[in-house]
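start.txt follows; it contains compact mmCIF, C-alpha atoms.
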# COMPACT_ATOMS: atom_id res chain seq x y z
CA MET A 19 -10.33 9.35 -12.44
CA ARG A 20 -7.46 10.51 -10.26
CA VAL A 21 -7.67 13.88 -8.54
CA MET A 22 -5.38 15.90 -6.31
CA VAL A 23 -7.28 17.41 -3.39
CA MET A 24 -5.32 20.40 -2.11
CA VAL A 25 -5.76 22.02 1.29
CA LYS A 26 -4.96 25.70 0.71
CA ALA A 27 -2.65 27.43 3.17
CA THR A 28 -3.93 29.95 5.71
CA LYS A 29 -2.29 32.44 8.06
CA SER A 30 -2.20 29.88 10.87
CA SER A 31 -0.67 27.12 8.71
CA GLU A 32 1.95 29.54 7.38
CA THR A 33 2.99 30.49 10.93
CA GLY A 34 3.42 26.79 11.69
CA GLU A 35 0.61 26.71 14.26
CA LEU A 36 -0.29 23.07 14.80
CA PRO A 37 -3.91 21.87 14.80
CA LYS A 38 -5.70 20.97 18.03
CA THR A 39 -5.77 17.35 19.17
CA GLU A 40 -9.51 17.16 18.47
CA LEU A 41 -9.00 18.25 14.85
CA MET A 42 -6.18 15.74 14.39
CA ALA A 43 -8.52 13.00 15.61
CA GLU A 44 -11.33 14.17 13.28
CA MET A 45 -8.98 14.22 10.28
CA GLY A 46 -7.69 10.78 11.23
CA ARG A 47 -11.23 9.40 11.22
CA PHE A 48 -11.90 11.05 7.85
CA ASN A 49 -8.76 9.46 6.40
CA GLU A 50 -9.90 6.09 7.74
CA GLU A 51 -13.20 6.54 5.89
CA LEU A 52 -11.31 7.35 2.68
CA VAL A 53 -9.18 4.22 3.03
CA GLU A 54 -12.24 2.11 3.89
CA ALA A 55 -13.97 3.39 0.74
CA GLY A 56 -10.91 2.53 -1.37
CA ILE A 57 -10.50 6.14 -2.55
CA MET A 58 -7.32 7.41 -0.92
CA ARG A 59 -4.04 6.69 -2.68
CA SER A 60 -1.77 9.01 -0.71
CA GLY A 61 -1.83 12.17 1.35
CA ASP A 62 0.36 14.35 3.54
CA GLY A 63 0.61 17.71 5.23
CA LEU A 64 3.21 20.27 4.18
CA LYS A 65 5.34 22.45 6.43
CA PRO A 66 5.08 26.27 6.06
CA SER A 67 6.60 27.90 2.99
CA SER A 68 9.21 29.47 5.29
CA GLN A 69 10.84 26.04 5.28
CA GLY A 70 10.67 25.71 1.50
CA VAL A 71 12.38 27.13 -1.58
CA ARG A 72 11.41 28.00 -5.13
CA VAL A 73 13.55 27.36 -8.18
CA ARG A 74 12.94 29.76 -11.06
CA PHE A 75 13.68 28.72 -14.65
CA SER A 76 14.69 31.33 -17.23
CA GLY A 77 16.22 29.78 -20.34
CA LYS A 78 19.30 27.92 -19.12
CA ASP A 79 19.48 29.92 -15.87
CA ARG A 80 18.22 28.62 -12.53
CA SER A 81 17.73 30.79 -9.44
CA VAL A 82 16.69 29.69 -5.95
CA THR A 83 14.53 31.80 -3.63
CA ASP A 84 14.06 30.90 0.03
CA GLY A 85 10.60 31.04 1.60
CA PRO A 86 8.39 32.31 3.05
CA PHE A 87 6.27 33.31 0.08
CA ALA A 88 3.86 36.20 0.44
CA GLU A 89 0.75 35.06 -1.41
CA THR A 90 -0.82 32.64 1.08
CA LYS A 91 -3.81 32.00 -1.19
CA GLU A 92 -1.45 30.55 -3.82
CA LEU A 93 0.11 28.06 -1.40
CA ILE A 94 -1.02 24.62 -0.26
CA ALA A 95 -0.65 23.16 3.23
CA GLY A 96 -1.50 19.57 2.45
CA TYR A 97 -2.93 17.24 -0.16
CA TRP A 98 -4.52 13.91 -0.95
CA VAL A 99 -4.47 11.85 -4.13
CA TRP A 100 -7.85 10.13 -4.63
CA GLU A 101 -9.20 7.67 -7.16
CA VAL A 102 -12.85 8.63 -7.69
CA ASP A 103 -15.69 7.94 -10.13
CA SER A 104 -16.20 11.57 -11.11
CA MET A 105 -15.57 15.15 -10.06
CA GLN A 106 -18.92 15.14 -8.27
CA HIS A 107 -17.79 12.05 -6.34
CA ALA A 108 -14.72 13.99 -5.16
CA ILE A 109 -16.83 17.04 -4.27
CA ASP A 110 -19.16 14.90 -2.17
CA TRP A 111 -16.20 13.53 -0.20
CA VAL A 112 -14.60 16.95 0.30
CA LYS A 113 -17.87 18.24 1.76
CA ARG A 114 -17.61 15.51 4.40
CA CYS A 115 -14.13 16.66 5.45
CA PRO A 116 -13.74 18.51 8.75
CA ASN A 117 -12.48 22.07 8.34
CA PRO A 118 -8.73 21.31 8.23
CA MET A 119 -7.72 24.76 9.50
CA LEU A 120 -8.22 26.87 12.63
CA GLU A 121 -9.93 29.58 10.52
CA ASP A 122 -12.03 29.58 7.34
CA SER A 123 -10.24 27.61 4.64
CA ASP A 124 -10.46 26.27 1.10
CA ILE A 125 -9.89 22.86 -0.46
CA GLU A 126 -9.22 22.73 -4.20
CA ILE A 127 -9.82 19.67 -6.40
CA ARG A 128 -7.85 19.21 -9.63
CA PRO A 129 -7.94 16.19 -11.96
CA PHE A 130 -4.69 14.62 -13.12
CA TYR A 131 -3.76 14.44 -16.77
CA GLU A 132 -3.86 10.88 -18.06
CA MET A 133 -1.89 9.64 -21.06
CA SER A 134 -5.16 9.36 -22.98
CA ASP A 135 -5.34 13.17 -22.88
CA PHE A 136 -2.19 13.26 -25.06
CA ALA A 137 -3.35 10.72 -27.65
CA GLU A 138 -3.09 13.21 -30.52
CA LEU A 139 0.54 13.90 -29.60
CA ASP A 140 1.39 10.21 -29.35
CA PRO A 141 -0.07 8.46 -32.43
CA SER A 142 2.40 5.55 -32.19
CA GLY A 143 1.66 4.93 -28.50
CA ASP A 144 5.39 4.88 -27.70
CA LEU A 145 5.16 7.69 -25.13
CA SER A 146 2.23 5.99 -23.40
CA GLU A 147 4.07 2.66 -23.31
CA ASN A 148 7.17 4.30 -21.81
CA GLU A 149 4.97 5.99 -19.19
CA ASP A 150 3.50 2.61 -18.23
CA VAL A 151 6.99 1.13 -17.86
CA LEU A 152 8.05 4.00 -15.61
CA ARG A 153 4.86 3.76 -13.51
CA ASP A 154 5.39 0.01 -13.03
CA ALA A 155 9.03 0.55 -12.08
CA ILE A 156 8.10 3.20 -9.49
CA SER A 157 5.40 0.95 -8.03
CA MET A 158 7.78 -2.01 -7.70
CA GLN A 159 10.28 0.12 -5.75
CA SER A 160 7.96 -0.23 -2.75
CA ALA A 161 7.42 -3.98 -3.22
CA ASP A 162 8.47 -6.28 -0.37
CA VAL A 163 9.78 -9.87 -0.67
CA ARG A 164 10.03 -12.22 2.30
CA PRO A 165 10.73 -15.95 2.58
CA TYR A 166 7.70 -18.01 3.60
CA LEU A 167 8.75 -21.34 5.14
CA PHE A 168 6.59 -24.48 5.39
CA PHE A 169 7.22 -27.19 7.98
CA GLY A 170 4.57 -29.87 7.34
CA GLY A 171 3.39 -30.11 10.94
CA ARG A 172 6.67 -29.18 12.68
CA CYS A 173 6.39 -25.38 12.62
CA GLU A 174 6.14 -24.97 16.40
CA GLU A 175 9.19 -27.18 16.84
CA ALA A 176 11.04 -25.17 14.19
CA LEU A 177 10.24 -21.84 15.86
CA GLU A 178 11.61 -23.11 19.18
CA PHE A 179 14.73 -24.37 17.39
CA TYR A 180 15.41 -20.98 15.73
CA LYS A 181 14.80 -19.15 19.01
CA LYS A 182 17.63 -21.14 20.59
CA ALA A 183 19.93 -21.46 17.58
CA LEU A 184 19.57 -17.94 16.15
CA ASN A 185 18.00 -15.91 18.96
CA ALA A 186 14.97 -15.50 16.71
CA LYS A 187 12.14 -13.29 17.97
CA VAL A 188 8.73 -14.85 17.36
CA GLY A 189 5.89 -12.42 16.70
CA MET A 190 2.41 -13.24 15.45
CA VAL A 191 1.26 -16.87 15.64
CA MET A 192 -2.16 -17.94 14.29
CA ARG A 193 -3.41 -21.50 14.40
CA HIS A 194 -5.91 -23.00 11.95
CA SER A 195 -8.52 -23.09 14.73
CA GLU A 196 -8.13 -19.30 15.16
CA SER A 197 -8.66 -18.40 11.50
CA PRO A 198 -11.53 -15.97 10.76
CA GLU A 199 -12.27 -18.18 7.74
CA PRO A 200 -12.18 -21.88 8.70
CA ALA A 201 -10.58 -24.22 6.18
CA PRO A 202 -13.02 -26.05 3.86
CA GLU A 203 -14.24 -29.38 5.23
CA GLY A 204 -11.76 -32.17 4.54
CA MET A 205 -8.89 -29.80 3.71
CA LEU A 206 -7.03 -30.32 7.01
CA PRO A 207 -6.06 -33.80 8.21
CA GLU A 208 -7.23 -34.84 11.66
CA GLY A 209 -5.22 -33.18 14.41
CA PHE A 210 -4.11 -30.24 12.26
CA GLU A 211 -6.66 -27.81 13.73
CA ASN A 212 -4.14 -26.59 16.30
CA LYS A 213 -1.20 -26.55 13.92
CA ILE A 214 0.22 -23.18 12.91
CA MET A 215 -1.51 -21.54 9.95
CA HIS A 216 0.73 -18.46 9.95
CA ALA A 217 3.61 -17.16 12.04
CA GLU A 218 6.22 -14.43 11.77
CA PHE A 219 9.70 -14.35 13.27
CA THR A 220 12.77 -12.20 12.89
CA VAL A 221 16.40 -13.20 12.67
CA GLY A 222 18.62 -10.14 12.92
CA LYS A 223 17.17 -7.59 10.51
CA ILE A 224 15.14 -10.06 8.43
CA THR A 225 11.51 -11.01 9.03
CA LEU A 226 10.48 -14.46 7.88
CA MET A 227 7.04 -16.08 7.75
CA ALA A 228 6.23 -19.68 8.52
CA SER A 229 3.41 -22.21 8.50
CA ASP A 230 2.62 -25.88 8.97
CA GLY A 231 0.77 -25.72 5.67
CA CYS A 232 -2.44 -27.69 5.32
CA GLY A 233 -1.10 -31.18 5.93
CA GLU A 234 1.91 -33.39 6.46
CA SER A 235 2.22 -33.82 2.70
CA VAL A 236 3.94 -30.42 2.68
CA ASP A 237 7.68 -31.03 2.75
CA ALA A 238 9.34 -29.61 5.85
CA GLY A 239 11.81 -26.95 4.76
CA SER A 240 9.99 -26.07 1.55
CA PHE A 241 9.36 -22.40 0.91
CA ARG A 242 7.79 -19.75 -1.28
CA LEU A 243 8.69 -16.10 -1.68
CA ALA A 244 5.96 -13.78 -0.41
CA LEU A 245 5.82 -10.76 -2.74
CA THR A 246 3.74 -7.81 -1.49
CA VAL A 247 2.94 -5.11 -4.07
CA PRO A 248 1.08 -1.80 -3.59
CA THR A 249 -2.05 -2.27 -5.73
CA GLU A 250 -4.29 -4.94 -7.22
CA SER A 251 -3.28 -3.89 -10.74
CA ASP A 252 0.36 -4.46 -9.73
CA ALA A 253 -0.58 -7.92 -8.40
CA GLN A 254 -2.38 -8.85 -11.61
CA ARG A 255 0.51 -7.69 -13.78
CA VAL A 256 3.21 -9.39 -11.69
CA PHE A 257 1.20 -12.61 -11.30
CA ALA A 258 0.67 -12.85 -15.08
CA SER A 259 4.38 -12.25 -15.72
CA LEU A 260 5.46 -14.94 -13.23
CA ALA A 261 2.88 -17.40 -14.60
CA ASP A 262 4.17 -16.96 -18.17
CA GLY A 263 5.85 -20.31 -18.80
CA GLY A 264 5.11 -21.35 -15.23
CA GLU A 265 2.01 -22.51 -13.35
CA SER A 266 -0.82 -20.72 -11.56
CA VAL A 267 -1.24 -22.66 -8.30
CA MET A 268 -3.98 -20.45 -6.80
CA PRO A 269 -5.53 -17.65 -8.89
CA LEU A 270 -5.63 -14.17 -7.42
CA GLU A 271 -8.64 -13.74 -5.13
CA LYS A 272 -9.80 -11.90 -2.01
CA THR A 273 -8.89 -13.47 1.35
CA PHE A 274 -9.35 -12.35 4.95
CA TRP A 275 -5.71 -11.20 5.08
CA SER A 276 -5.47 -9.58 1.64
CA PRO A 277 -7.82 -8.03 -0.93
CA CYS A 278 -5.84 -9.82 -3.63
CA PHE A 279 -3.77 -12.98 -3.02
CA GLY A 280 -2.56 -15.80 -5.24
CA MET A 281 0.17 -18.41 -5.61
CA VAL A 282 2.22 -19.10 -8.71
CA THR A 283 5.30 -21.15 -9.59
CA ASP A 284 7.49 -19.56 -12.24
CA LYS A 285 9.25 -21.35 -15.10
CA PHE A 286 12.36 -21.78 -12.95
CA SER A 287 10.33 -23.71 -10.32
CA VAL A 288 10.48 -20.86 -7.80
CA GLY A 289 7.23 -20.59 -5.86
CA TRP A 290 5.69 -17.16 -5.20
CA MET A 291 2.85 -15.84 -3.06
CA VAL A 292 1.66 -12.54 -4.60
CA MET A 293 -0.43 -10.25 -2.42
CA VAL A 294 -1.64 -6.71 -1.77
CA PRO A 295 -1.52 -5.37 1.81
CA ASP A 296 -4.81 -5.10 3.67
CA HIS A 297 -4.88 -1.42 4.57
CA LYS A 298 -8.07 -1.90 6.58
CA ASN A 299 -6.34 -4.48 8.78
CA PRO A 300 -2.60 -3.64 8.68
CA ASP A 301 -1.77 -6.42 11.18
CA HIS A 302 -2.67 -9.07 8.58

Re-express the file's structure as structure tokens.
Amino acid sequence: MRVMVMVKATKSSETGELPKTELMAEMGRFNEELVEAGIMRSGDGLKPSSQGVRVRFSGKDRSVTDGPFAETKELIAGYWVWEVDSMQHAIDWVKRCPNPMLEDSDIEIRPFYEMSDFAELDPSGDLSENEDVLRDAISMQSADVRPYLFFGGRCEEALEFYKKALNAKVGMVMRHSESPEPAPEGMLPEGFENKIMHAEFTVGKITLMASDGCGESVDAGSFRLALTVPTESDAQRVFASLADGGESVMPLEKTFWSPCFGMVTDKFSVGWMVMVPDHKNPDH
């Protein structure tokens, strides 16, 4: 179930008094635990209501009132969105949270409505289907696509070439011998241990990724499009859509650089690498 966990406003938060450095560090560690546990979906702090407005609806009329708003107990100063097993699961996590305020404070937990709650109002399922389409569209707005180039043993040479020809800036470079998960025995040809497994470089405003691949059989200059999506459910949906009429080259699975990674070639012969970012190791 999804819940919104709301940090209620206090006198200090409404005056804009910032937390101490120690509290910021404690809250940062708590957020890291939430991410590590796979619970946190989003979260942010809110500025005082003095910097906000309210819009009142009365029939067709709309009126705007500037903050601040008097009833502090009715305001929130921050929130998280969590995916939890139950309300008790959420309560247990909230109890572990440092006091987020300088004085006594409250945190409120509220479950989200799900489309299943409106089943009686949607007997045809049309509203639920439209909601799914909108949710998928919103999720894909934060997707990222980058070219991934393969050089069949000449990646290092290629990077040097682009540095001179295009003033490319080379960032991360990882060789097969440096991989946290060594390649299966017999996968790499002799001498490929020190070839480049993964590299990143920028040309102007674009970041590209590159590799020698796993052998000289990879055609130099071949490429795939690396598609990064927010969640594993997004990856499964997108992978299935691209594989429809195409070919699954590597099924989605957990890797050391992504909790969900797979390769697929679509029906137009365009190769894709579908993945979810590793929030525990953002450098991967």

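Of note, atom CA of A:Thr28 and atom CA of A:Leu93 are spaced 8.4 Å apart.
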
Original post:
Counting all atoms listed in the file, what is within 10 Å of stretch 206-218 of chain A, bar same-chain residues fewer than 3 positions away, as a PyMOL selection string?
Top reply: chain A and resi 166-174+177+187-197+200-203+225-235

Original post:
With all atoms listed in the file as the atoms that count, which of A:Ser146, A:Ser60, A:Asn185, A:Ser287 lies nearest to A:Ala261?
Top reply: A:Ser287

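Rounded to one decimal, atom CA of A:Arg128 and atom CA of A:Met24 lie 8.0 Å from each other.
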
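Take the candidates A:Glu121, A:Asp84, A:Asp252, A:Glu35 and check each one against A:Met158 using only C-alpha atoms; the shortest distance goes to A:Asp252.
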
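Shell of A:Met268 at 9 Å, with all atoms listed in the file counted and residues fewer than 4 places along the chain excluded, is A:Phe279, A:Gly280, A:Met281, A:Val282.
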
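When the distance limit is 12 Å and only C-alpha atoms are what count, the residues near A:Lys29, minus those fewer than 4 positions from it on the same chain, are Thr33, Gly34, Glu35, Leu36, Pro66, Ser67, Pro86, Phe87, Ala88, Glu89, Thr90, Lys91, Leu93, Ile94, Ala95, Met119, Leu120, Glu121, Asp122 and Ser123 of chain A.
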
So that I can see what lies close to A:Arg59, please list as an mmCIF file with C-alpha atoms, in the frame of the given file the residues with an atom at most 12 Å from it, counting all atoms listed in the file and leaving out residues fewer than 4 positions away in the same chain.
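Result written to part_28.cif:
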data_model
loop_
_atom_site.group_PDB
_atom_site.id
_atom_site.type_symbol
_atom_site.label_atom_id
_atom_site.label_comp_id
_atom_site.auth_asym_id
_atom_site.auth_seq_id
_atom_site.Cartn_x
_atom_site.Cartn_y
_atom_site.Cartn_z
ATOM 1 C CA MET A 19 -10.330 9.350 -12.440
ATOM 2 C CA ARG A 20 -7.460 10.510 -10.260
ATOM 3 C CA VAL A 21 -7.670 13.880 -8.540
ATOM 4 C CA MET A 22 -5.380 15.900 -6.310
ATOM 5 C CA VAL A 23 -7.280 17.410 -3.390
ATOM 6 C CA ASN A 49 -8.760 9.460 6.400
ATOM 7 C CA GLU A 50 -9.900 6.090 7.740
ATOM 8 C CA LEU A 52 -11.310 7.350 2.680
ATOM 9 C CA VAL A 53 -9.180 4.220 3.030
ATOM 10 C CA GLU A 54 -12.240 2.110 3.890
ATOM 11 C CA ALA A 55 -13.970 3.390 0.740
ATOM 12 C CA TYR A 97 -2.930 17.240 -0.160
ATOM 13 C CA TRP A 98 -4.520 13.910 -0.950
ATOM 14 C CA VAL A 99 -4.470 11.850 -4.130
ATOM 15 C CA TRP A 100 -7.850 10.130 -4.630
ATOM 16 C CA GLU A 101 -9.200 7.670 -7.160
ATOM 17 C CA VAL A 102 -12.850 8.630 -7.690
ATOM 18 C CA PRO A 248 1.080 -1.800 -3.590
ATOM 19 C CA THR A 249 -2.050 -2.270 -5.730
ATOM 20 C CA HIS A 297 -4.880 -1.420 4.570
#

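Here atom CA of A:Arg72 stands at a distance of 28.3 Å from atom CA of A:Phe136.
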
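Across A:Val256, A:Val25, A:Met42, A:Cys278, the tightest approach to A:Ile125 is made by A:Val25 when counting all atoms listed in the file.
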